[in-house]
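Next up, data-v4.cif (mmCIF, C-alpha atoms):
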data_my_file
#
loop_
_atom_site.label_atom_id
_atom_site.label_comp_id
_atom_site.auth_asym_id
_atom_site.auth_seq_id
_atom_site.Cartn_x
_atom_site.Cartn_y
_atom_site.Cartn_z
CA MET A 1 135.79 65.54 184.91
CA GLU A 2 136.03 66.14 181.23
CA ILE A 3 133.14 65.34 179.02
CA GLU A 4 132.44 65.89 175.32
CA LEU A 5 129.01 67.31 174.67
CA ALA A 6 127.41 68.80 171.60
CA PHE A 7 125.53 72.04 172.32
CA GLN A 8 125.84 75.60 171.18
CA ASP A 9 124.57 77.61 174.04
CA PHE A 10 123.35 75.80 177.08
CA GLU A 11 122.37 79.04 178.81
CA GLU A 12 120.13 80.09 175.92
CA GLN A 13 118.36 76.72 175.98
CA LYS A 14 118.96 75.79 172.40
CA THR A 15 118.24 72.19 171.58
CA LEU A 16 120.91 69.65 170.81
CA SER A 17 119.68 69.28 167.26
CA ASP A 18 120.71 72.90 166.52
CA SER A 19 124.29 72.19 167.30
CA LYS A 20 126.89 71.37 164.74
CA ASP A 21 129.84 71.90 167.08
CA PHE A 22 131.40 69.67 169.61
CA PHE A 23 133.54 71.08 172.35
CA LEU A 24 135.05 70.05 175.59
CA ILE A 25 133.78 71.32 178.87
CA GLU A 26 135.43 70.82 182.17
CA THR A 27 133.27 70.34 185.11
CA SER A 28 133.57 68.77 188.46
CA SER A 29 129.84 69.02 188.86
CA LYS A 30 127.78 65.94 188.27
CA GLN A 31 124.81 68.16 189.04
CA GLU A 32 125.52 70.38 186.02
CA ILE A 33 125.75 67.41 183.69
CA LYS A 34 122.61 65.92 185.13
CA LYS A 35 120.77 69.24 184.63
CA PHE A 36 121.89 69.35 181.00
CA ILE A 37 120.79 65.82 180.27
CA GLU A 38 117.42 66.38 181.91
CA LYS A 39 116.85 69.56 179.90
CA PHE A 40 117.79 67.78 176.66
CA ASN A 41 115.70 64.80 177.54
CA ILE A 42 112.56 66.90 177.97
CA GLN A 43 112.91 69.07 174.90
CA GLU A 44 113.93 66.50 172.33
CA LYS A 45 111.96 63.69 173.92
CA ASP A 46 108.60 65.36 173.41
CA LEU A 47 109.40 66.04 169.77
CA PHE A 48 110.45 62.46 169.24
CA LEU A 49 107.53 60.91 171.13
CA ASN A 50 104.88 62.89 169.28
CA GLN A 51 106.34 62.20 165.85
CA PHE A 52 107.06 58.56 166.61
CA LYS A 53 103.56 57.83 167.88
CA ARG A 54 102.05 59.51 164.83
CA LEU A 55 104.22 57.38 162.55
CA LEU A 56 103.38 54.21 164.47
CA ASP A 57 99.70 54.89 163.90
CA ASP A 58 99.86 56.14 160.31
CA SER A 59 102.63 54.11 158.65
CA ASN A 60 101.88 51.03 156.60
CA PHE A 61 103.87 48.11 158.01
CA GLU A 62 104.35 45.25 155.58
CA TYR A 63 106.80 42.38 155.98
CA GLY A 64 109.69 42.76 153.58
CA PHE A 65 109.42 46.50 153.17
CA SER A 66 110.61 49.68 154.88
CA ASN A 67 108.30 52.45 156.08
CA PRO A 68 108.51 56.06 157.27
CA ALA A 69 108.53 55.07 160.95
CA GLU A 70 111.57 52.87 160.44
CA HIS A 71 113.45 55.64 158.59
CA TYR A 72 112.61 58.10 161.35
CA VAL A 73 113.91 55.81 164.08
CA ARG A 74 117.06 54.99 162.10
CA GLU A 75 117.87 58.67 161.76
CA ALA A 76 117.02 59.45 165.36
CA LEU A 77 119.24 56.62 166.59
CA SER A 78 122.19 57.89 164.57
CA ASN A 79 121.70 61.37 166.04
CA TYR A 80 120.72 60.66 169.62
CA GLY A 81 121.59 57.03 170.30
CA LEU A 82 120.98 56.13 173.93
CA PHE A 83 118.26 58.72 174.42
CA VAL A 84 116.20 57.27 171.57
CA ARG A 85 116.63 53.71 172.81
CA ASN A 86 115.30 54.78 176.21
CA TRP A 87 112.38 56.69 174.68
CA ILE A 88 111.37 53.71 172.54
CA SER A 89 111.41 51.53 175.65
CA GLU A 90 109.14 54.00 177.40
CA ILE A 91 106.68 54.06 174.52
CA PHE A 92 106.70 50.28 174.36
CA ILE A 93 105.88 49.94 178.06
CA GLU A 94 103.25 52.67 177.88
CA ASN A 95 101.56 50.93 174.95
CA LEU A 96 101.77 47.29 176.00
CA SER A 97 98.00 46.98 175.83
CA ASN A 98 97.91 48.55 172.36
CA GLU A 99 98.51 45.59 170.06
CA LYS A 100 98.95 47.69 166.92
CA ARG A 101 101.55 50.03 168.38
CA THR A 102 103.40 47.19 170.10
CA SER A 103 103.52 45.16 166.88
CA SER A 104 104.57 48.21 164.90
CA ILE A 105 107.47 48.89 167.27
CA LEU A 106 108.62 45.30 166.81
CA LYS A 107 108.27 45.59 163.02
CA ILE A 108 110.70 48.51 163.23
CA LEU A 109 113.11 46.70 165.53
CA MET A 110 113.27 43.67 163.22
CA HIS A 111 114.73 45.89 160.50
CA LEU A 112 117.44 47.40 162.68
CA ASP A 113 120.60 45.80 164.01
CA SER A 114 120.43 44.66 167.60
CA GLU A 115 123.70 46.54 168.27
CA GLU A 116 122.03 49.84 167.37
CA LEU A 117 119.23 49.10 169.78
CA GLY A 118 121.33 47.99 172.72
CA CYS A 119 119.91 46.22 175.74
CA GLN A 120 116.74 48.28 175.50
CA GLY A 121 115.88 46.72 172.14
CA VAL A 122 116.62 43.24 173.37
CA SER A 123 114.49 43.79 176.48
CA ILE A 124 111.57 44.95 174.35
CA ALA A 125 111.78 41.86 172.13
CA LEU A 126 112.15 39.51 175.10
CA ALA A 127 109.16 41.05 176.87
CA ALA A 128 107.08 40.81 173.70
CA LEU A 129 107.68 37.04 173.50
CA SER A 130 105.27 36.66 176.42
CA HIS A 131 102.61 39.09 175.23
CA LYS A 132 99.03 37.82 175.27
CA SER A 133 98.54 38.78 171.62
CA ASN A 134 99.83 36.18 169.17
CA ALA A 135 100.37 38.96 166.64
CA VAL A 136 102.85 40.58 169.01
CA ARG A 137 104.51 37.25 169.80
CA GLU A 138 104.85 36.52 166.09
CA ASP A 139 106.61 39.83 165.57
CA ALA A 140 108.88 39.22 168.55
CA ILE A 141 109.91 35.86 167.06
CA ARG A 142 110.58 37.59 163.74
CA VAL A 143 112.80 40.16 165.49
CA PHE A 144 115.06 37.38 166.79
CA GLU A 145 115.00 35.67 163.41
CA ASN A 146 116.23 38.83 161.72
CA TRP A 147 118.83 39.65 164.34
CA GLU A 148 120.46 36.28 163.60
CA ASN A 149 122.12 36.08 166.99
CA PRO A 150 122.38 32.51 168.36
CA ASN A 151 122.71 33.97 171.88
CA TYR A 152 118.95 34.35 171.94
CA ILE A 153 118.19 30.70 171.22
CA THR A 154 117.81 30.00 174.94
CA ALA A 155 115.20 32.73 175.29
CA LEU A 156 113.26 31.37 172.32
CA LYS A 157 113.41 27.82 173.67
CA SER A 158 111.98 29.00 176.98
CA ILE A 159 108.60 29.87 175.44
CA SER A 160 105.94 27.82 173.73
CA CYS A 161 102.91 28.89 171.73
CA SER A 162 99.48 27.33 171.94
CA GLU A 163 98.78 28.19 168.30
CA GLU A 164 100.19 25.39 166.13
CA TRP A 165 101.19 27.73 163.28
CA LEU A 166 103.05 30.04 165.63
CA GLN A 167 104.78 27.16 167.42
CA GLU A 168 105.95 25.87 164.03
CA MET A 169 107.30 29.30 163.21
CA LEU A 170 109.10 29.46 166.55
CA GLU A 171 110.70 26.04 165.96
CA GLU A 172 111.76 27.03 162.45
CA VAL A 173 113.43 30.17 163.76
CA ILE A 174 115.22 28.25 166.50
CA ALA A 175 116.47 25.73 163.91
CA TYR A 176 117.60 28.60 161.71
CA LEU A 177 119.55 30.30 164.49
CA GLU A 178 121.10 26.96 165.46
CA SER A 179 122.28 26.53 161.87
CA LEU A 180 124.18 29.83 161.87
CA MET B 1 98.37 23.99 134.65
CA VAL B 2 98.34 27.72 135.19
CA SER B 3 98.72 28.82 138.79
CA TYR B 4 99.38 32.06 140.61
CA ILE B 5 101.03 33.17 143.80
CA ARG B 6 100.42 36.21 145.92
CA LYS B 7 102.16 37.44 149.07
CA ILE B 8 99.91 37.48 152.15
CA ASP B 9 100.21 38.17 155.86
CA TYR B 10 99.74 34.58 156.99
CA GLY B 11 99.34 35.42 160.68
CA LYS B 12 96.40 37.75 159.95
CA TRP B 13 94.58 34.98 158.05
CA LYS B 14 95.37 32.33 160.69
CA ARG B 15 93.81 34.61 163.29
CA ASN B 16 90.60 34.14 161.30
CA SER B 17 90.94 30.38 161.33
CA GLY B 18 87.68 29.65 163.08
CA VAL B 19 85.65 31.58 160.53
CA GLN B 20 83.35 29.32 158.50
CA ASN B 21 81.78 31.93 156.29
CA TYR B 22 84.20 34.25 154.48
CA LYS B 23 81.70 37.07 155.02
CA GLU B 24 82.63 36.92 158.70
CA LEU B 25 86.35 37.52 158.03
CA SER B 26 87.71 40.44 160.04
CA ALA B 27 87.83 43.76 158.22
CA ASP B 28 91.54 44.19 158.98
CA VAL B 29 92.61 41.05 157.14
CA ILE B 30 90.86 42.21 153.98
CA THR B 31 91.72 45.90 154.11
CA ASN B 32 95.33 45.37 155.22
CA CYS B 33 96.34 42.21 153.39
CA LEU B 34 94.28 42.70 150.24
CA LYS B 35 94.96 46.38 149.80
CA THR B 36 94.03 47.29 146.27
CA SER B 37 95.64 49.94 144.14
CA GLN B 38 93.44 51.38 141.42
CA ASN B 39 91.13 48.43 142.01
CA THR B 40 93.85 45.88 141.27
CA LEU B 41 95.71 43.19 143.18
CA SER B 42 99.06 41.77 142.13
CA LEU B 43 99.69 38.11 141.19
CA TRP B 44 102.60 36.17 139.71
CA GLN B 45 101.83 33.38 137.26
CA PHE B 46 103.67 30.09 136.88
CA ASN B 47 103.15 26.96 134.79
CA SER B 48 105.58 24.42 136.24
CA ASP B 49 107.59 23.66 139.38
CA ASP B 50 110.62 25.42 137.93
CA GLU B 51 108.54 28.44 137.19
CA LYS B 52 107.12 28.32 140.70
CA THR B 53 110.64 28.76 142.07
CA ASP B 54 111.13 31.63 139.65
CA ALA B 55 107.90 33.22 140.85
CA LEU B 56 109.12 33.01 144.44
CA LEU B 57 112.42 34.54 143.37
CA ALA B 58 110.59 37.36 141.60
CA ILE B 59 108.92 38.25 144.88
CA VAL B 60 111.81 37.86 147.34
CA SER B 61 114.37 39.60 145.14
CA GLY B 62 112.16 42.67 145.09
CA LEU B 63 111.96 42.98 148.87
CA GLU B 64 113.73 45.68 150.86
CA HIS B 65 114.23 43.45 153.89
CA LEU B 66 114.76 39.70 154.18
CA ASP B 67 111.71 39.07 156.37
CA THR B 68 110.06 35.67 156.31
CA ILE B 69 107.09 35.97 154.00
CA ASP B 70 104.22 33.73 152.97
CA VAL B 71 102.57 33.33 149.61
CA ILE B 72 99.35 31.55 148.69
CA VAL B 73 99.07 29.35 145.64
CA ILE B 74 95.94 29.82 143.57
CA GLU B 75 94.96 27.63 140.67
CA GLY B 76 93.99 29.43 137.50
CA VAL B 77 90.55 27.82 137.42
CA ASP B 78 89.70 29.41 140.77
CA LEU B 79 90.00 32.80 139.13
CA ASN B 80 87.22 32.23 136.62
CA GLY B 81 84.96 35.23 136.84
CA PHE B 82 87.85 37.60 137.55
CA SER B 83 89.49 39.90 135.06
CA LEU B 84 93.24 39.35 134.70
CA LEU B 85 95.54 41.78 132.99
CA LYS B 86 99.19 41.12 132.16
CA THR B 87 101.30 44.00 133.49
CA LYS B 88 105.04 44.47 133.92
CA GLY B 89 105.97 43.23 137.37
CA ARG B 90 108.28 45.16 139.68
CA THR B 91 111.15 42.80 140.35
CA PRO B 92 114.90 42.75 139.76
CA PHE B 93 114.35 39.33 138.16
CA ILE B 94 114.00 40.82 134.71
CA ASP B 95 113.34 37.57 132.84
CA PHE B 96 110.23 36.96 134.92
CA LYS B 97 108.70 40.45 134.71
CA ASN B 98 106.25 39.29 132.05
CA ASN B 99 104.76 36.69 134.38
CA HIS B 100 103.07 39.38 136.42
CA PHE B 101 99.32 39.85 136.32
CA ASP B 102 96.86 42.19 137.94
CA LEU B 103 93.44 41.14 139.09
CA ASN B 104 91.74 44.25 137.85
CA ASN B 105 88.37 45.96 137.88
CA LEU B 106 87.87 44.72 141.39
CA ASN B 107 84.78 45.78 143.27
CA TYR B 108 83.14 44.95 146.59
CA ARG B 109 81.72 41.64 145.32
CA LEU B 110 84.92 40.46 143.62
CA LEU B 111 87.11 41.47 146.52
CA GLY B 112 84.84 39.44 148.75
CA ASN B 113 85.11 36.48 146.40
CA PHE B 114 88.89 36.77 146.34
CA SER B 115 88.95 36.94 150.14
CA GLU B 116 87.14 33.62 150.13
CA ILE B 117 89.74 32.13 147.77
CA VAL B 118 92.57 33.33 150.01
CA HIS B 119 90.82 32.11 153.16
CA LYS B 120 90.28 28.64 151.63
CA ALA B 121 93.89 28.51 150.41
CA VAL B 122 95.14 29.27 153.92
CA GLU B 123 92.79 26.76 155.52
CA SER B 124 93.86 24.03 153.08
CA ASN B 125 97.55 24.83 153.50
CA LYS B 126 98.14 26.04 149.97
CA VAL B 127 100.72 28.37 151.43
CA ILE B 128 104.43 28.50 150.83
CA ARG B 129 106.54 30.01 153.56
CA ILE B 130 109.78 31.60 152.39
CA THR B 131 111.85 31.97 155.50
CA ARG B 132 114.70 34.40 155.75
CA GLY B 133 117.13 31.53 155.30
CA LYS B 134 115.33 30.20 152.19
CA ALA B 135 115.10 33.68 150.68
CA LYS B 136 118.85 34.14 151.11
CA GLY B 137 119.44 30.81 149.37
CA LEU B 138 117.08 31.65 146.51
CA ILE B 139 118.69 35.02 145.86
CA LYS B 140 122.26 33.75 146.22
CA ASP B 141 121.65 30.84 143.85
CA ALA B 142 120.05 33.17 141.35
CA ILE B 143 123.01 35.55 141.49
CA ASP B 144 125.43 32.64 141.06
CA ALA B 145 123.43 31.34 138.11
CA GLU B 146 123.35 34.87 136.68
CA LYS B 147 119.56 34.86 136.69
CA LEU B 148 119.71 37.93 138.86
CA LYS B 149 122.06 40.89 138.46
CA ILE B 150 123.72 41.82 141.71
CA GLU B 151 123.29 45.53 141.04
CA GLU B 152 119.53 45.11 140.79
CA VAL B 153 119.13 43.70 144.33
CA SER B 154 118.73 46.13 147.23
CA GLU B 155 121.99 46.91 149.05
CA ARG B 156 120.42 46.11 152.35
CA ILE B 157 119.63 42.58 151.20
CA LEU B 158 123.03 42.13 149.58
CA SER B 159 124.74 43.09 152.84
CA LYS B 160 123.00 40.14 154.53
CA LEU B 161 124.07 37.69 151.84
CA SER B 162 127.84 38.13 152.02
CA VAL B 163 128.14 38.39 148.24
#
As C-alpha cells, how would this structure be written, given the file I've shared?
Amino acid sequence: MEIELAFQDFEEQKTLSDSKDFFLIETSSKQEIKKFIEKFNIQEKDLFLNQFKRLLDDSNFEYGFSNPAEHYVREALSNYGLFVRNWISEIFIENLSNEKRTSSILKILMHLDSEELGCQGVSIALAALSHKSNAVREDAIRVFENWENPNYITALKSISCSEEWLQEMLEEVIAYLESL
Amino acid sequence: MVSYIRKIDYGKWKRNSGVQNYKELSADVITNCLKTSQNTLSLWQFNSDDEKTDALLAIVSGLEHLDTIDVIVIEGVDLNGFSLLKTKGRTPFIDFKNNHFDLNNLNYRLLGNFSEIVHKAVESNKVIRITRGKAKGLIKDAIDAEKLKIEEVSERILSKLSV
C-alpha cells in the first residue's frame, strides 16, 4: 500500500507541524499507519484542544464579525483537515452542557463553509438544533442560514421552537433557503 | 424627526423578555451587548425613511460576515439627558460617515438608563431585522447605484454576492 504522508522523522517523534516535506512511503502494514496516526493524534490534538478551548472562552463573538477563535480554526483546518474536524466534534460533545462554549463553536461554524467542515460540522449543527438552550438553537439555525444549502431545509422543517421570536427566525431561514 | 439605530443581539434581549424592571436585566445582556469603549456607545442617525435605509447600509456594509443582524430604532427625544457627540463612523459607505454619533460620557446610571431604552424598544418591537438575504440586497443595490465602492467592501462579503 502506498500512502503519502507528511513527516520528517517518525522515529524521532517530531510532530507533523514541523514537516515541510512530503514523501511516499511503502508499507503493507496497516498497523504502522495506525500507529502513526495515533501518535499524531495525541501530540497535535492536545495542543489544538488547549488552545481552542482557551479561545472559545476568551474570544469576543459578535454576529457579523470575525474573531481569533475563528481564525485559529480556519488555519488548523487548512493544515490538518480531518483531524481538526474530529477534534471539534469531540469538544462539542464534551461541552454540550456548556451553553457558552457550544454557542461559540456554532458561531465559528457559521463563518466557515460546510465543505471545509465535512459531515462532522453538519452533525454538530444538526445536534444543536435540538439543544435545550434557545441561544444554542438560534446559533444552529444561523449556521444553516449561512451555509445556504437547500439540502438542509428538511432538517430545519423537522423542528419547531416554543419561543415565538425563534420560530419566526426559523421560518424566515427556511423561506430564504427555499428561495435559493 | 431625528432617530437613531444601533446594532443589538436580539436573542439576548428576548431572553430577558419577562423582566418588568430594567434593573433586573441579566448582567450578560448589558455587558455583552452594550459594551462600551472609552465610555461611549455607537449610534447611527437618520432623519427620513430614505436615510433609515442608508443607516442600515452603513452598518451592514461594514460587517466582515453576512450574518443576520438586528438593530433597534431609538427616537431622538428618548435620548434627552444623554450626551451625543458626532464622530466619524467606520463604514465603507463614505457618504454616510458623518451620520455617526457616540453616546459619550457614559457612567453606571446612564448605561442603566440606556439599557432601559433598549429593553423597551425590544419589547415594543422597534427592531429591524436585516437578514442575510436582505443585507445582500442592500449591498448589491448600493454597489449598482454607485453609493458603495466595491473595493471598500470586505472580500469575504463580496464573494457571497457574486459581483
Would you kindly report the residues of chain A within 6 Å of chain B, using only C-alpha atoms, as an mmCIF file with C-alpha atoms, in the frame of the given file?
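Output saved as selection_39.cif:
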data_model
loop_
_atom_site.group_PDB
_atom_site.id
_atom_site.type_symbol
_atom_site.label_atom_id
_atom_site.label_comp_id
_atom_site.auth_asym_id
_atom_site.auth_seq_id
_atom_site.Cartn_x
_atom_site.Cartn_y
_atom_site.Cartn_z
ATOM 1 C CA TYR A 63 106.800 42.380 155.980
ATOM 2 C CA GLY A 64 109.690 42.760 153.580
ATOM 3 C CA PHE A 65 109.420 46.500 153.170
#
Name the residues in contact with segment 106-108 of chain B at a cut-off of 9 Å, using all atoms listed in the file, excluding same-chain residues fewer than 4 positions from it; report them as a PDB file with C-alpha atoms, keeping the file's coordinate frame.
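Heads up, here's the output in part_35.pdb:
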ATOM      1  CA  THR B  36      94.030  47.290 146.270  1.00  0.00           C
ATOM      2  CA  GLN B  38      93.440  51.380 141.420  1.00  0.00           C
ATOM      3  CA  ASN B  39      91.130  48.430 142.010  1.00  0.00           C
ATOM      4  CA  THR B  40      93.850  45.880 141.270  1.00  0.00           C
ATOM      5  CA  LEU B  41      95.710  43.190 143.180  1.00  0.00           C
ATOM      6  CA  PHE B  82      87.850  37.600 137.550  1.00  0.00           C
ATOM      7  CA  SER B  83      89.490  39.900 135.060  1.00  0.00           C
ATOM      8  CA  GLY B 112      84.840  39.440 148.750  1.00  0.00           C
ATOM      9  CA  ASN B 113      85.110  36.480 146.400  1.00  0.00           C
TER      10      ASN B 113
END
### Task
Run the PyMOL selection byres ((chain A and resi 56) around 8) against the file shown and list the residues it catches, as a ChimeraX atom specification.
/A:52-55,57-59,69,101,104-105
Selection file, C-alpha atoms, as a CSV table (one decimal), keeping the file's coordinate frame:
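Written out: result.csv:
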chain,number,residue,atom,x,y,z
A,52,PHE,CA,107.1,58.6,166.6
A,53,LYS,CA,103.6,57.8,167.9
A,54,ARG,CA,102.0,59.5,164.8
A,55,LEU,CA,104.2,57.4,162.6
A,57,ASP,CA,99.7,54.9,163.9
A,58,ASP,CA,99.9,56.1,160.3
A,59,SER,CA,102.6,54.1,158.6
A,69,ALA,CA,108.5,55.1,161.0
A,101,ARG,CA,101.6,50.0,168.4
A,104,SER,CA,104.6,48.2,164.9
A,105,ILE,CA,107.5,48.9,167.3
### Task
Run the PyMOL selection byres ((chain B and resi 75) around 12) on the file and write out the hits as a ChimeraX atom specification.
/B:1-6,43-48,72-74,76-80,117-118,120-121,126
Given the file shown, determine the residues that the PyMOL selection byres ((chain B and resi 16) around 10) selects; report them as a PDB file with C-alpha atoms, in the coordinates of the input.
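As written to disk, out16.pdb reads:
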ATOM      1  CA  GLY B  11      99.340  35.420 160.680  1.00  0.00           C
ATOM      2  CA  LYS B  12      96.400  37.750 159.950  1.00  0.00           C
ATOM      3  CA  TRP B  13      94.580  34.980 158.050  1.00  0.00           C
ATOM      4  CA  LYS B  14      95.370  32.330 160.690  1.00  0.00           C
ATOM      5  CA  ARG B  15      93.810  34.610 163.290  1.00  0.00           C
ATOM      6  CA  SER B  17      90.940  30.380 161.330  1.00  0.00           C
ATOM      7  CA  GLY B  18      87.680  29.650 163.080  1.00  0.00           C
ATOM      8  CA  VAL B  19      85.650  31.580 160.530  1.00  0.00           C
ATOM      9  CA  GLN B  20      83.350  29.320 158.500  1.00  0.00           C
ATOM     10  CA  TYR B  22      84.200  34.250 154.480  1.00  0.00           C
ATOM     11  CA  GLU B  24      82.630  36.920 158.700  1.00  0.00           C
ATOM     12  CA  LEU B  25      86.350  37.520 158.030  1.00  0.00           C
ATOM     13  CA  SER B  26      87.710  40.440 160.040  1.00  0.00           C
ATOM     14  CA  VAL B  29      92.610  41.050 157.140  1.00  0.00           C
ATOM     15  CA  HIS B 119      90.820  32.110 153.160  1.00  0.00           C
ATOM     16  CA  VAL B 122      95.140  29.270 153.920  1.00  0.00           C
ATOM     17  CA  GLU B 123      92.790  26.760 155.520  1.00  0.00           C
TER      18      GLU B 123
END
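Atom CA of Glu75 of chain A is positioned 18.9 Å from atom CA of Ile42 of chain A.
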### Query
Of the residues A:Asp46, A:Glu94, A:Asp113, A:Glu148, which is the one nearest to Leu77 of chain A, using all atoms listed in the file?
A:Asp113
### Task
Just give me the gap between atom CA of Gly89 of chain B and atom CA of Glu138 of chain A in Å, one decimal is fine.
29.5 Å
### Task
Find the residues around segment 116-130 of chain A up to 10 Å (only C-alpha atoms counted), leave out those fewer than 6 positions away in its own chain, and share them as a PyMOL selection string.
chain A and resi 74+77-78+81-82+84-90+92-93+96+102-103+105-106+109-110+136-144+147+152+155-156+158-161
### Query
By how many Å are atom CA of Leu84 of chain B and atom CA of Lys52 of chain B apart?
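Spanning atom CA of Leu84 of chain B to atom CA of Lys52 of chain B is a straight-line distance of 18.7 Å.
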### Message
Show me, as a list in words, the residues that have an atom within 9 Å of Glu163 of chain A when counting only C-alpha atoms, minus same-chain residues fewer than 4 positions from it.
### Response
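The filter keeps Asn134, Gln167 and Glu168 of chain A.
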Centre, edges in Å (one decimal): axis-aligned box, segment 160-164 of chain A, 6 Å padding on all six sides, as lines of an AutoDock Vina configuration file:
center_x = 102.4
center_y = 27.1
center_z = 169.9
size_x = 19.2
size_y = 15.5
size_z = 19.6
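Remark: for Lys97 of chain B, the closest of the candidate residues B:Val71, B:Ala55, B:Ile139, B:Leu110 is B:Ala55 (distances computed over only C-alpha atoms).
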### Query
Counting only C-alpha atoms, which residues come within 12 Å of (100.3, 46.6, 129.0), with the point read in the file's coordinates, and could you list them as a PyMOL selection string?
chain B and resi 84-89+97-98+100-102
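If all atoms listed in the file are the atoms counted, then among A:Asn79, A:Ile33, A:Glu145, A:Asn95 the closest residue to Met169 of chain A is A:Glu145.
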### Query
For Pro92 of chain B, which residue out of B:Ala142, B:Leu111, B:Ala135, B:Leu161 is the nearest one, using only C-alpha atoms?
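When distances to Pro92 of chain B are compared using only C-alpha atoms, the smallest one comes from B:Ala142.
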